[in-house]
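*Asks:* Structure incoming, see below.
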Amino acid sequence: MVRLGTLCWGVIFTLLGLGSSALAGDWPQILGPNRNGIASADEKLADEWPSGGPPVIWEKNVGSGYAGVAVEGDDVILFHRVKRNEVVELLSAETGESKWKVEWPTDFYPQVGGGDGPLCVPVIAGNRIVAFGAEGVLTCIDRISGKQLWQVDTQSEFGAREGYFGFGSTPLVIGERVIVNVGGSKENAGVVGFDLESGEVLWSRTEEPASYSAPVECSISGMPHVMIITRYKCMLMDPENGYLRFQFPFGQRGPTVNGASPVVLGDHVLVTSSYGIGSKYVKFDFFGSKEVWETERTMASQYCTPIVIDEKIYVIDGRDDVPPADLKCLELKTGKLVWSEPNFGYGTLIHADGKFLACLVSGEVLLGRMEDTRMKVLSRARLFRSTMRALPALSNGRLYLRDQSTLKCYSVAPGL
């Protein structure tokens, strides 16, 4: 069921009246256009919200899952579980109405926790949509027709292990390659490259178990590569053939997970994890890597991917399940702490238009600017009264948030 907000049509007509030049960037995959939590340069945010928070454009009842949506143009891709099926659904960004849906059966139940829905944000790659379910089923769907093009059960195909919470490493599409941290126990299938059009296995490499971190694309001398954090390592791989350029230890055995994505900054990579693992800032090239700094005390974030702006690292440090969690600013070059806001609350960050959105697990969302000694809060609102773990999406002046039963679309553009 879709419920339109009281300001919905006013917002829609305003956007339509401004023409296509008013529309900002898309959010076609996890953590935005470049998988770093930073919105497109033309994405604009209001400087403050009304007293009740940003207006709701629409909201929709949804199934279970911690997968945030992906957005491109008027297409919103929702991945959720409805009863005993995993469902990929295409919604209208303007109204929330469903255009098509594809579903397949699942019996998944996690080893830890009670969430039985998918964790991975779906990926929009041109006219293809790639979804990786909690039970390890990798599916490719035609974005126009909603037709399922191919599907691979990675558990049966590669002996993939589902981990504590199910499969949760969002695939990466580079050109015609789909790169997945499968974590297979056979066929040397720690990381697997699939053909986007056919689902054919093009290569499989390493014996690394899977993580909950999403791989990212980077470039060396103009050549595309994949930076990927597995259960125990950070690795640089060639997407064409899976060739391993380098790897360094990151992670440890026991009840731990790697959840935050690597942040690639030119020829450096920043990685972070909780559970006593900490953070590393590493310089790399074709031939290897060299650690610049390492810390466990100042930054060790469970799954909040740090955002780097103007040589400063911004991160919500700590864990979702074990408070406290602190908002921190660190120097990129040294890892030294610049400032900290204790007991901030755990969640994730988005940077857009010189501002930050902090979307907390508690259901509260803050709009602010980072200053020399703190985050100056411009507005804040409790938008959910329930736990909100799914990653947010920001596209064309709309903020998409969900919990285990409702997806909401808010207007956060200027001129509220």
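Following the order of the structure tokens, first chain is A, next is B, and so on, with residues numbered from 1 inside each chain and ligands from 1 in the order they appear.
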Could you please write out, as a ChimeraX atom specification, every residue of region 318-369 of chain A that DSSP assigns to strand (DSSP E)?
*Replies:* /A:326-331,337-341,347-352,355-360,364-369
*Asks:* Would you list the contacts of Val121 (chain A) as a list in words, taking every protein, DNA or RNA residue within 8 Å and counting only C-alpha atoms, but skipping same-chain residues closer than 3 positions in sequence?
*Replies:*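 So the residues in contact are Gln29, Ile30, Ala67, Gly68, Val69, Ala70, Phe79, Ala131 and Thr170 of chain A.
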*Asks:* Write a file of the just-selected residues containing all heavy atoms, as a short mmCIF file (atom, residue, chain, number, x, y, z; two decimals), in the first residue's frame.
*Replies:*
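And here is the file that came out, part.cif:
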data_model
loop_
_atom_site.label_atom_id
_atom_site.label_comp_id
_atom_site.auth_asym_id
_atom_site.auth_seq_id
_atom_site.Cartn_x
_atom_site.Cartn_y
_atom_site.Cartn_z
N GLN A 29 23.58 2.55 -6.62
CA GLN A 29 24.19 1.41 -5.94
C GLN A 29 24.47 1.79 -4.48
O GLN A 29 24.19 2.90 -4.04
CB GLN A 29 25.49 1.02 -6.63
CG GLN A 29 26.49 2.16 -6.75
CD GLN A 29 27.71 1.79 -7.57
OE1 GLN A 29 28.06 0.62 -7.70
NE2 GLN A 29 28.38 2.79 -8.13
N ILE A 30 25.01 0.86 -3.74
CA ILE A 30 25.32 1.10 -2.34
C ILE A 30 26.25 2.30 -2.18
O ILE A 30 27.21 2.47 -2.93
CB ILE A 30 25.94 -0.18 -1.71
CG1 ILE A 30 26.15 0.01 -0.19
CG2 ILE A 30 27.24 -0.57 -2.40
CD1 ILE A 30 26.56 -1.26 0.52
N ALA A 67 18.28 -4.13 3.19
CA ALA A 67 18.81 -3.59 1.94
C ALA A 67 18.19 -2.24 1.66
O ALA A 67 16.96 -2.13 1.55
CB ALA A 67 18.53 -4.56 0.79
N GLY A 68 19.03 -1.19 1.55
CA GLY A 68 18.54 0.10 1.11
C GLY A 68 18.19 0.05 -0.37
O GLY A 68 18.51 -0.91 -1.07
N VAL A 69 17.52 1.09 -0.87
CA VAL A 69 17.12 1.12 -2.27
C VAL A 69 18.24 1.68 -3.14
O VAL A 69 19.15 2.35 -2.67
CB VAL A 69 15.84 1.96 -2.47
CG1 VAL A 69 14.69 1.38 -1.67
CG2 VAL A 69 16.06 3.43 -2.10
N ALA A 70 18.14 1.41 -4.43
CA ALA A 70 18.97 2.04 -5.46
C ALA A 70 18.04 2.88 -6.33
O ALA A 70 16.89 2.49 -6.56
CB ALA A 70 19.69 0.99 -6.30
N PHE A 79 14.54 -4.10 -2.74
CA PHE A 79 14.84 -5.53 -2.57
C PHE A 79 14.41 -5.89 -1.16
O PHE A 79 14.97 -5.38 -0.18
CB PHE A 79 16.34 -5.75 -2.77
CG PHE A 79 16.78 -7.19 -2.86
CD1 PHE A 79 15.89 -8.20 -3.18
CD2 PHE A 79 18.11 -7.53 -2.64
CE1 PHE A 79 16.30 -9.52 -3.27
CE2 PHE A 79 18.54 -8.84 -2.73
CZ PHE A 79 17.64 -9.84 -3.04
N ALA A 131 20.96 -8.32 -8.07
CA ALA A 131 20.59 -8.45 -6.66
C ALA A 131 21.22 -9.71 -6.08
O ALA A 131 21.23 -10.76 -6.74
CB ALA A 131 19.07 -8.51 -6.51
N THR A 170 27.51 -6.53 -1.17
CA THR A 170 26.86 -6.07 -2.39
C THR A 170 27.80 -6.23 -3.60
O THR A 170 28.94 -5.78 -3.55
CB THR A 170 26.46 -4.59 -2.26
OG1 THR A 170 25.50 -4.46 -1.22
CG2 THR A 170 25.86 -4.06 -3.56
#
*Asks:* Rounded to one decimal in Å, what is the spacing between CA of Thr206 (chain A) and CA of Gly183 (chain A)?
*Replies:*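 Taking CA of Thr206 (chain A) and CA of Gly183 (chain A), their separation equals 8.8 Å.
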*Asks:* Leaving out Val257 (chain A) and any residue of its chain fewer than 3 positions from it, which residues lie within 12 Å of it when counting only C-alpha atoms, given as a VMD selection string?
*Replies:* chain A and resid 163 to 169 209 to 213 229 to 233 250 to 254 260 to 261 272 to 278 300 to 303 319
*Asks:* What does the distance from CA of Gly335 (chain A) to CA of Glu311 (chain A) come to in Å, to one decimal?
*Replies:* 10.5 Å
*Asks:* Calculated over only C-alpha atoms, which of the candidates A:Pro262, A:Asp195, A:Leu90, A:Val201 has the smallest distance to Cys218 (chain A)?
*Replies:*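 Once distances to Cys218 (chain A) are computed over only C-alpha atoms, the minimum belongs to A:Pro262.
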*Asks:* Would you mind listing what lies within 10 Å of Glu371 (chain A) as a PDB file with N, CA and C atoms, in the first residue's frame, with only C-alpha atoms counted and same-chain residues fewer than 4 positions away left out?
*Replies:*
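Output contents, as saved in result.pdb:
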ATOM      1  N   CYS A 329      36.020  13.213  13.840  1.00  0.00           N
ATOM      2  CA  CYS A 329      36.769  13.802  12.734  1.00  0.00           C
ATOM      3  C   CYS A 329      38.243  13.498  12.964  1.00  0.00           C
ATOM      4  N   TRP A 339      38.466  15.963  16.506  1.00  0.00           N
ATOM      5  CA  TRP A 339      37.424  16.180  17.506  1.00  0.00           C
ATOM      6  C   TRP A 339      36.480  14.983  17.562  1.00  0.00           C
ATOM      7  N   MET A 375      30.068  18.973  14.748  1.00  0.00           N
ATOM      8  CA  MET A 375      29.069  19.053  13.690  1.00  0.00           C
ATOM      9  C   MET A 375      28.013  20.047  14.133  1.00  0.00           C
ATOM     10  N   LYS A 376      27.844  21.107  13.372  1.00  0.00           N
ATOM     11  CA  LYS A 376      26.800  22.082  13.662  1.00  0.00           C
ATOM     12  C   LYS A 376      25.481  21.548  13.119  1.00  0.00           C
TER      13      LYS A 376
END
*Asks:* Rank A:Ala358, A:Ala352, A:Ile38, A:Ile313 by their smallest atom-to-atom distance to Ser340 (chain A), using only C-alpha atoms, and report the top residue only.
*Replies:* A:Ile313
*Asks:* Step one, run DSSP on the backbone; step two, keep only residues of region 76-291 of chain A assigned to alpha helix (DSSP H); then write them as a PDB file with all heavy atoms, in the first residue's frame.
*Replies:*
ATOM      1  N   THR A 154      24.790 -19.471  -5.329  1.00  0.00           N
ATOM      2  CA  THR A 154      26.214 -19.575  -5.007  1.00  0.00           C
ATOM      3  C   THR A 154      26.496 -20.608  -3.920  1.00  0.00           C
ATOM      4  O   THR A 154      27.623 -21.110  -3.837  1.00  0.00           O
ATOM      5  CB  THR A 154      26.779 -18.209  -4.584  1.00  0.00           C
ATOM      6  OG1 THR A 154      26.148 -17.769  -3.368  1.00  0.00           O
ATOM      7  CG2 THR A 154      26.574 -17.162  -5.669  1.00  0.00           C
ATOM      8  N   GLN A 155      25.501 -20.943  -3.106  1.00  0.00           N
ATOM      9  CA  GLN A 155      25.730 -21.985  -2.097  1.00  0.00           C
ATOM     10  C   GLN A 155      25.928 -23.335  -2.764  1.00  0.00           C
ATOM     11  O   GLN A 155      26.870 -24.068  -2.453  1.00  0.00           O
ATOM     12  CB  GLN A 155      24.568 -22.032  -1.100  1.00  0.00           C
ATOM     13  CG  GLN A 155      24.535 -20.870  -0.129  1.00  0.00           C
ATOM     14  CD  GLN A 155      23.804 -21.226   1.151  1.00  0.00           C
ATOM     15  OE1 GLN A 155      24.237 -22.064   1.926  1.00  0.00           O
ATOM     16  NE2 GLN A 155      22.679 -20.563   1.373  1.00  0.00           N
ATOM     17  N   SER A 156      25.050 -23.696  -3.679  1.00  0.00           N
ATOM     18  CA  SER A 156      25.165 -25.006  -4.330  1.00  0.00           C
ATOM     19  C   SER A 156      26.276 -25.021  -5.376  1.00  0.00           C
ATOM     20  O   SER A 156      26.956 -26.030  -5.560  1.00  0.00           O
ATOM     21  CB  SER A 156      23.825 -25.384  -4.983  1.00  0.00           C
ATOM     22  OG  SER A 156      23.456 -24.446  -5.970  1.00  0.00           O
ATOM     23  N   GLU A 157      26.495 -23.887  -6.047  1.00  0.00           N
ATOM     24  CA  GLU A 157      27.480 -23.828  -7.128  1.00  0.00           C
ATOM     25  C   GLU A 157      28.912 -23.810  -6.597  1.00  0.00           C
ATOM     26  O   GLU A 157      29.798 -24.451  -7.146  1.00  0.00           O
ATOM     27  CB  GLU A 157      27.229 -22.591  -7.990  1.00  0.00           C
ATOM     28  CG  GLU A 157      28.088 -22.498  -9.225  1.00  0.00           C
ATOM     29  CD  GLU A 157      27.592 -23.390 -10.352  1.00  0.00           C
ATOM     30  OE1 GLU A 157      26.440 -23.877 -10.276  1.00  0.00           O
ATOM     31  OE2 GLU A 157      28.357 -23.599 -11.302  1.00  0.00           O
ATOM     32  N   PHE A 158      29.132 -23.040  -5.517  1.00  0.00           N
ATOM     33  CA  PHE A 158      30.503 -22.818  -5.043  1.00  0.00           C
ATOM     34  C   PHE A 158      30.730 -23.229  -3.589  1.00  0.00           C
ATOM     35  O   PHE A 158      31.820 -23.020  -3.067  1.00  0.00           O
ATOM     36  CB  PHE A 158      30.872 -21.337  -5.185  1.00  0.00           C
ATOM     37  CG  PHE A 158      30.707 -20.794  -6.562  1.00  0.00           C
ATOM     38  CD1 PHE A 158      29.652 -19.945  -6.864  1.00  0.00           C
ATOM     39  CD2 PHE A 158      31.587 -21.131  -7.575  1.00  0.00           C
ATOM     40  CE1 PHE A 158      29.494 -19.426  -8.134  1.00  0.00           C
ATOM     41  CE2 PHE A 158      31.437 -20.632  -8.854  1.00  0.00           C
ATOM     42  CZ  PHE A 158      30.378 -19.775  -9.136  1.00  0.00           C
TER      43      PHE A 158
END
*Asks:* Could you name the residues that touch region 237-239 of chain A at 10 Å or less, counting only C-alpha atoms, but leaving out those on the same chain fewer than 4 positions away, as a PyMOL selection string?
*Replies:* chain A and resi 172-179+191-194+202-203+205+217-219+223-228+243-247
*Asks:* Tell me which protein, DNA and RNA residues are within 9 Å of Ser362 (chain A), counting only C-alpha atoms, leaving out same-chain ones fewer than 6 positions away, and put them as a PyMOL selection string.
*Replies:* chain A and resi 345-347+382+384-389
*Asks:* Please produce an output containing C-alpha atoms for each residue in the selection, written as a PDB file, in the first residue's frame.
*Replies:*
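This went into again.pdb:
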ATOM      1  CA  GLY A 345      24.393   7.284  18.272  1.00  0.00           C
ATOM      2  CA  TYR A 346      25.300   4.719  15.628  1.00  0.00           C
ATOM      3  CA  GLY A 347      24.311   5.041  11.990  1.00  0.00           C
ATOM      4  CA  ARG A 382      12.897  11.406  14.410  1.00  0.00           C
ATOM      5  CA  PHE A 384      11.099   6.375  12.423  1.00  0.00           C
ATOM      6  CA  ARG A 385      10.110   5.089  15.833  1.00  0.00           C
ATOM      7  CA  SER A 386      11.706   1.754  15.035  1.00  0.00           C
ATOM      8  CA  THR A 387      15.191   0.443  14.265  1.00  0.00           C
ATOM      9  CA  MET A 388      16.510   1.808  10.950  1.00  0.00           C
ATOM     10  CA  ARG A 389      19.548  -0.195   9.801  1.00  0.00           C
TER      11      ARG A 389
END
*Asks:* Taking 2 positions as the minimum chain separation for residues in the same chain, which residues sit within 8 Å of Lys280 (chain A) when counting only C-alpha atoms? Answer as a list in words.
*Replies:*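 Listed by chain and then number, they are Leu270, Val271, Thr272, Gly278, Val282, Glu291, Val292, Trp293, Glu294 and Thr295 of chain A.
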*Asks:* I'd like to know which of A:Ala41, A:Gly136, A:Asp310, A:Leu360 is closest to Asp326 (chain A), using only C-alpha atoms.
*Replies:* A:Leu360
*Asks:* For CA of Leu265 (chain A) and CA of Asn241 (chain A), quote the distance in Å rounded to one decimal.
*Replies:*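 Interatomic distance here is 23.6 Å.
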